[in-house]
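Visitor: Right, I'll just put the structure down here and ask away after.
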Amino acid sequence: MTDTEAARARIGHNASPDLRSWLQRLAATGRLAVAREGVSLIDQLAAVSKKLELDRAVMFPRPGGHAIAVVANLFVDRNWVADSIGVPTEQLLSRFQQAARQPLPWTEVKEAAVQEVVHRDVDLLKLLPIPKHNEHDSGPYITAALLIARNPKTGIQNVSIHRCQVSGPDRIGVLLLPRHTHHYFRMAEQAGEALEIALVIGVHPACILASQAIAALDEDEMAIAGALLGAPVDMVKCRTNQVRVPAHAEIVIEGRILPKVREPEGPFGEFPQYYGARANREVIQVDAVTHRKHAIFHTIVGGGMEHLLLGEIPREATLLDHLQRSFPSVQDVRLTRGGTCRYHLVVKIDKRNDGEPKNIIMGAFGGHYDLKQVTVVDPDVDIDNPHEIEWAVATRFQADRDLVVVAGAQGSRLDPSSQAGISAKMGLDATKPVEADMMKFKRIHVKGLEELDLMSMLEQDSGTAFAKTMAGAAG
Ligand code: MN
């Protein structure tokens, strides 16, 4: 069996997997809570999701009296992410790397579940249960939609996720960061045209993960999703434009990003745990909504654990690939939670040459503009443990010798300490020297610790044993 076949078997599908197959798996393994009917879409749904974000997925039947159910918390930790694509957690990044290297293009189908119901006269808040999440969000936001756009010249599709503010019955304000959708939109706008798009809600987790890969321009992320799933994703043409969307999706909003139109969008609670500011941003004119019968609406609470994890894993995998291309000593990477799973990277290396960590730091900053701090550590550091990372900095790093600072680079606009996205970068080489004295950097260790059978070494009744010892001590 190849790796892909094995992963496919573990995902447990014969036909095309979808959001429902993942929810079934969560329910069958005690990982899905169901809220009572009628939880409010304003604040309350987000509060329940947030309370459960480290523990369980949650489904909301009839939220705010709405016929369509909402789900949140598709992942609570990296083990769930690995499970969703059918691999053990330690193979999560390598599996994603493999999928990004060998994408599997989608196939087109004529009929699709997602087009069972078609609405051409659209009132978004009446049709869909769209929640308001963080306290000072400007209102209801669609947060878990894949935005699929076509390169206006070549028709190649891009898949990404953007925050989408409901601005009117058939109008959406959208934040386009300076990446691929923005590039396609500028091409369309310069030609005086709208950019055809679709917002796809309720898909298999592999599609959501793939959308977050740091792929090249004109690399279709849905082909990465196909590789993750071990089978091409079935795609269907939208009813009102040329965009192709996953046939297994729950809900699709078809529309166009309008040229020369900007309207206020924001504030919105974001992954750095701050509100993204209100400003004039691009606008989507909605042309149609299609959905399955008894559709399910997926929402992501802005800045919640699901939001952080969804960005983290694909970025780690693609940054690891990027680094390993130039630096074979790189073994693993983590985007730390304290660094909002976007800004602070830890790189584990098996160092061969002094100085190498600084090259790796510079290479990492080239991998994604969001990266603000890179810490390089040795193989004996557990990079899932923030205390271990700090220990490496505390005992193997000297600021006058091991610090790299770059001023005035491009950073994240959502970092409130940046100046409109202009940001400094900091690199820390927390590795020990190659030619270190044997004992100087030897980590302390108690002999026999790992093999010890603790229970066989302890008295069962500690109360009696304590009294006896004390009596003996007194006598
Ligand atoms: Mn892209």
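Labeling convention for the structure tokens: chains A, B, ... as they appear, residues from 1 per chain, ligands from 1 in order of appearance.
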Which residues, written as a list in words, have at least one atom at most 7 Å from Leu199 of chain A, with only C-alpha atoms counted and residues fewer than 3 positions away on the same chain left out?
Guide: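 In the requested format, the answer is Ala145, Leu146, Leu147, Ile148, Val252, Ile253 and Glu254 of chain A.
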Visitor: Please write out the residues within 12 Å of ligand 1 as a ChimeraX atom specification, counting only C-alpha atoms and all ligand atoms.
Guide: /A:100,146-151,156-161,177-184,210-224
Visitor: Among segment 60-217 of chain A, which residues does DSSP mark as strand (DSSP E) when it is run on the backbone? Keep the chain and numbering as in the structure and answer as a PyMOL selection string.
Guide: chain A and resi 60+69-72+107-108+117-119+141-142+146-150+157-161+164-168+171-174+195-201
Visitor: Measuring between only C-alpha atoms, which one of A:Arg20, A:His133, A:His298, A:Arg396 shows the shortest distance to Val71 of chain A?
Guide: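 Result for the nearest residue to Val71 of chain A: A:His298.
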Visitor: What's the 12 Å shell around Ser329 of chain A, counting only C-alpha atoms, without same-chain residues fewer than 6 positions away, as a list of chain:residue names?
Guide: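 Non-adjacent residues within range: A:Leu320, A:Leu323, A:Val347, A:Lys348, A:Ile349, A:Asp350, A:Lys351, A:Arg352, A:Asn353, A:Glu356, A:Pro357, A:Asn359, A:Ile360, A:Val376, A:Val377, A:Asp378, A:Pro379.
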Visitor: Those residues with all heavy atoms, as a tab-separated table (two decimals), in the first residue's frame please?
Guide:
```tsv
chain	number	residue	atom	x	y	z
A	320	LEU	N	8.49	24.37	6.46
A	320	LEU	CA	9.46	23.29	6.61
A	320	LEU	C	10.01	22.88	5.23
A	320	LEU	O	11.23	22.71	5.06
A	320	LEU	CB	8.78	22.09	7.29
A	320	LEU	CG	9.66	20.89	7.64
A	320	LEU	CD1	10.83	21.28	8.54
A	320	LEU	CD2	8.83	19.79	8.31
A	323	LEU	N	12.39	25.59	3.98
A	323	LEU	CA	13.69	25.59	4.65
A	323	LEU	C	14.52	24.38	4.26
A	323	LEU	O	15.72	24.49	4.02
A	323	LEU	CB	13.49	25.64	6.17
A	323	LEU	CG	13.08	27.00	6.74
A	323	LEU	CD1	12.76	26.88	8.22
A	323	LEU	CD2	14.18	28.04	6.52
A	347	VAL	N	12.66	26.59	14.94
A	347	VAL	CA	13.23	25.66	13.98
A	347	VAL	C	14.18	24.73	14.72
A	347	VAL	O	15.09	25.18	15.41
A	347	VAL	CB	14.00	26.39	12.86
A	347	VAL	CG1	14.48	25.42	11.80
A	347	VAL	CG2	13.14	27.48	12.23
A	348	LYS	N	13.93	23.44	14.58
A	348	LYS	CA	14.82	22.44	15.20
A	348	LYS	C	15.81	21.96	14.14
A	348	LYS	O	15.40	21.53	13.06
A	348	LYS	CB	13.99	21.26	15.72
A	348	LYS	CG	14.83	20.22	16.43
A	348	LYS	CD	14.06	18.95	16.66
A	348	LYS	CE	13.17	19.07	17.88
A	348	LYS	NZ	12.85	17.73	18.44
A	349	ILE	N	17.12	22.07	14.47
A	349	ILE	CA	18.12	21.66	13.48
A	349	ILE	C	19.17	20.75	14.11
A	349	ILE	O	19.43	20.81	15.31
A	349	ILE	CB	18.84	22.88	12.83
A	349	ILE	CG1	19.76	23.60	13.83
A	349	ILE	CG2	17.83	23.84	12.23
A	349	ILE	CD1	20.75	24.53	13.15
A	350	ASP	N	19.74	19.92	13.26
A	350	ASP	CA	20.90	19.13	13.66
A	350	ASP	C	22.10	19.86	13.06
A	350	ASP	O	22.52	19.58	11.94
A	350	ASP	CB	20.76	17.70	13.10
A	350	ASP	CG	21.87	16.80	13.60
A	350	ASP	OD1	22.63	17.23	14.50
A	350	ASP	OD2	21.99	15.68	13.07
A	351	LYS	N	22.62	20.81	13.83
A	351	LYS	CA	23.60	21.76	13.31
A	351	LYS	C	24.92	21.08	12.92
A	351	LYS	O	25.46	20.30	13.69
A	351	LYS	CB	23.85	22.85	14.35
A	351	LYS	CG	24.71	23.99	13.86
A	351	LYS	CD	24.68	25.18	14.80
A	351	LYS	CE	25.67	25.03	15.93
A	351	LYS	NZ	25.81	26.31	16.69
A	352	ARG	N	25.42	21.42	11.73
A	352	ARG	CA	26.71	20.88	11.27
A	352	ARG	C	27.80	21.95	11.31
A	352	ARG	O	28.97	21.64	11.46
A	352	ARG	CB	26.58	20.34	9.83
A	352	ARG	CG	25.49	19.30	9.66
A	352	ARG	CD	25.89	17.98	10.35
A	352	ARG	NE	24.71	17.19	10.69
A	352	ARG	CZ	24.06	16.41	9.83
A	352	ARG	NH1	24.48	16.29	8.59
A	352	ARG	NH2	23.00	15.74	10.21
A	353	ASN	N	27.38	23.21	11.12
A	353	ASN	CA	28.35	24.31	11.07
A	353	ASN	C	27.87	25.48	11.91
A	353	ASN	O	26.69	25.83	11.85
A	353	ASN	CB	28.52	24.81	9.62
A	353	ASN	CG	29.06	23.72	8.72
A	353	ASN	OD1	30.21	23.32	8.81
A	353	ASN	ND2	28.20	23.22	7.84
A	356	GLU	N	25.38	28.56	10.68
A	356	GLU	CA	24.25	28.04	9.91
A	356	GLU	C	22.89	28.53	10.44
A	356	GLU	O	22.02	28.89	9.63
A	356	GLU	CB	24.31	26.50	9.94
A	356	GLU	CG	23.41	25.82	8.96
A	356	GLU	CD	23.49	24.29	9.06
A	356	GLU	OE1	24.04	23.77	10.05
A	356	GLU	OE2	23.00	23.64	8.14
A	357	PRO	N	22.69	28.58	11.76
A	357	PRO	CA	21.39	29.07	12.25
A	357	PRO	C	21.04	30.46	11.73
A	357	PRO	O	19.88	30.74	11.45
A	357	PRO	CB	21.56	29.07	13.77
A	357	PRO	CG	22.56	27.99	14.02
A	357	PRO	CD	23.53	28.09	12.88
A	359	ASN	N	21.85	31.75	8.82
A	359	ASN	CA	21.37	31.58	7.44
A	359	ASN	C	19.93	31.06	7.44
A	359	ASN	O	19.10	31.50	6.64
A	359	ASN	CB	22.26	30.60	6.67
A	359	ASN	CG	23.68	31.11	6.53
A	359	ASN	OD1	24.29	31.54	7.51
A	359	ASN	ND2	24.20	31.08	5.32
A	360	ILE	N	19.66	30.13	8.35
A	360	ILE	CA	18.31	29.56	8.44
A	360	ILE	C	17.30	30.63	8.86
A	360	ILE	O	16.19	30.70	8.33
A	360	ILE	CB	18.31	28.36	9.41
A	360	ILE	CG1	19.08	27.20	8.77
A	360	ILE	CG2	16.89	27.94	9.79
A	360	ILE	CD1	19.41	26.06	9.71
A	376	VAL	N	16.14	29.30	16.64
A	376	VAL	CA	16.70	28.03	16.17
A	376	VAL	C	17.23	27.26	17.37
A	376	VAL	O	17.98	27.81	18.19
A	376	VAL	CB	17.82	28.26	15.13
A	376	VAL	CG1	18.32	26.94	14.56
A	376	VAL	CG2	17.31	29.15	13.99
A	377	VAL	N	16.83	25.99	17.48
A	377	VAL	CA	17.23	25.16	18.62
A	377	VAL	C	17.82	23.83	18.16
A	377	VAL	O	17.66	23.44	17.00
A	377	VAL	CB	16.03	24.89	19.58
A	377	VAL	CG1	15.48	26.19	20.14
A	377	VAL	CG2	14.94	24.09	18.89
A	378	ASP	N	18.48	23.15	19.09
A	378	ASP	CA	19.11	21.84	18.84
A	378	ASP	C	18.07	20.72	18.92
A	378	ASP	O	16.97	20.91	19.45
A	378	ASP	CB	20.21	21.59	19.87
A	378	ASP	CG	21.38	22.55	19.71
A	378	ASP	OD1	21.93	22.64	18.60
A	378	ASP	OD2	21.74	23.21	20.73
A	379	PRO	N	18.45	19.50	18.46
A	379	PRO	CA	17.49	18.38	18.45
A	379	PRO	C	17.02	17.91	19.82
A	379	PRO	O	15.99	17.25	19.92
A	379	PRO	CB	18.28	17.25	17.77
A	379	PRO	CG	19.37	17.91	17.01
A	379	PRO	CD	19.71	19.15	17.78
```
Visitor: Excluding Arg325 of chain A and its own-chain neighbours fewer than 3 positions away, which residues fall within 12 Å of it when counting only C-alpha atoms? Please give them as a PyMOL selection string.
Guide: chain A and resi 97+101+318-322+328-331+360+363-364+367
Visitor: So that I have them on file, write out the residues from the current selection with C-alpha atoms, as an mmCIF file, in the first residue's frame.
Guide:
```cif
data_model
loop_
_atom_site.group_PDB
_atom_site.id
_atom_site.type_symbol
_atom_site.label_atom_id
_atom_site.label_comp_id
_atom_site.auth_asym_id
_atom_site.auth_seq_id
_atom_site.Cartn_x
_atom_site.Cartn_y
_atom_site.Cartn_z
ATOM 1 C CA GLN A 97 4.511 18.401 2.570
ATOM 2 C CA ARG A 101 4.718 18.575 -3.589
ATOM 3 C CA THR A 318 5.139 24.701 3.745
ATOM 4 C CA LEU A 319 7.756 26.604 5.792
ATOM 5 C CA LEU A 320 9.463 23.286 6.607
ATOM 6 C CA ASP A 321 9.544 22.438 2.916
ATOM 7 C CA HIS A 322 10.876 25.885 2.058
ATOM 8 C CA PRO A 328 19.131 19.767 5.012
ATOM 9 C CA SER A 329 19.945 20.127 8.736
ATOM 10 C CA VAL A 330 16.404 21.415 9.429
ATOM 11 C CA GLN A 331 14.354 18.693 11.148
ATOM 12 C CA ILE A 360 18.310 29.560 8.440
ATOM 13 C CA GLY A 363 15.784 31.902 4.928
ATOM 14 C CA ALA A 364 12.755 31.582 7.190
ATOM 15 C CA GLY A 367 9.263 32.061 3.570
#
```
Visitor: Using only C-alpha atoms, determine which residues lie at most 7 Å from Thr107 of chain A, disregarding the query and same-chain residues fewer than 2 positions distant; provide the list as a list in words.
Guide: Pro105, Val109, Pro232, Val233, Asp234 and Met235 of chain A
Visitor: Take the residues from that selection and put them in a file with N, CA, C and O atoms, as a CSV table (one decimal), in the first residue's frame.
Guide:
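Result file result_32.csv:
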```csv
chain,number,residue,atom,x,y,z
A,105,PRO,N,-4.9,17.1,-9.2
A,105,PRO,CA,-5.9,18.0,-9.8
A,105,PRO,C,-7.3,17.5,-9.6
A,105,PRO,O,-7.6,16.3,-9.7
A,109,VAL,N,-17.6,17.6,-12.3
A,109,VAL,CA,-18.8,16.8,-12.4
A,109,VAL,C,-20.0,17.8,-12.8
A,109,VAL,O,-19.9,19.0,-12.7
A,232,PRO,N,-9.1,12.8,-6.3
A,232,PRO,CA,-9.4,14.1,-6.8
A,232,PRO,C,-10.7,14.6,-6.2
A,232,PRO,O,-11.6,13.8,-6.0
A,233,VAL,N,-10.8,15.9,-5.9
A,233,VAL,CA,-12.0,16.5,-5.4
A,233,VAL,C,-12.9,16.7,-6.6
A,233,VAL,O,-12.5,17.3,-7.6
A,234,ASP,N,-14.2,16.3,-6.4
A,234,ASP,CA,-15.2,16.6,-7.5
A,234,ASP,C,-15.6,18.0,-7.4
A,234,ASP,O,-16.0,18.5,-6.3
A,235,MET,N,-15.6,18.7,-8.6
A,235,MET,CA,-15.9,20.1,-8.6
A,235,MET,C,-17.1,20.4,-9.6
A,235,MET,O,-17.1,19.7,-10.6
```
Visitor: Please provide the set of residues having any atom within 6 Å of segment 31-35 of chain A, restricted to only C-alpha atoms, with same-chain residues fewer than 4 positions apart removed, written as a ChimeraX atom specification.
Guide: /A:26-27,56-60
Visitor: If you measure from atom CA of Thr299 of chain A to atom CA of Val70 of chain A, what distance in Å do you get, rounded to one decimal?
Guide: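 Result for atom CA of Thr299 of chain A versus atom CA of Val70 of chain A: 6.9 Å, one decimal.
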Visitor: Using only C-alpha atoms, which of the listed residues (A:Asp354, A:Asp83, A:Gln419, A:Arg443) sits closest to Glu388 of chain A?
Guide: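 Of A:Asp354, A:Asp83, A:Gln419, A:Arg443, the one nearest Glu388 of chain A is A:Arg443, counting only C-alpha atoms.
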Visitor: I need the residues in segment 253-446 of chain A that are alpha helix (DSSP H) according to DSSP; give them as an MDAnalysis selection string.
Guide: chainID A and resid 305:326 356:365 386:396 399:402
Visitor: For Leu19 of chain A, please output as a VMD selection string all residues within 10 Å (counting only C-alpha atoms; exclusion window: fewer than 4 positions along the same chain).
Guide: chain A and resid 23 to 24 71 74 201 to 207 248 to 250 296 to 298
Visitor: Out of A:His368, A:Arg281, A:Arg25, A:His291, which residue has the shortest atom-to-atom distance to His162 of chain A when counting only C-alpha atoms?
Guide: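 Of all the options, A:Arg281 lies closest to His162 of chain A.
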Visitor: Taking only C-alpha atoms into account, which of A:Ala392, A:Ile142, A:Asp332, A:Leu104 comes nearest Glu90 of chain A?
Guide: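 Looking only at the distances to Glu90 of chain A, the closest residue turns out to be A:Asp332.
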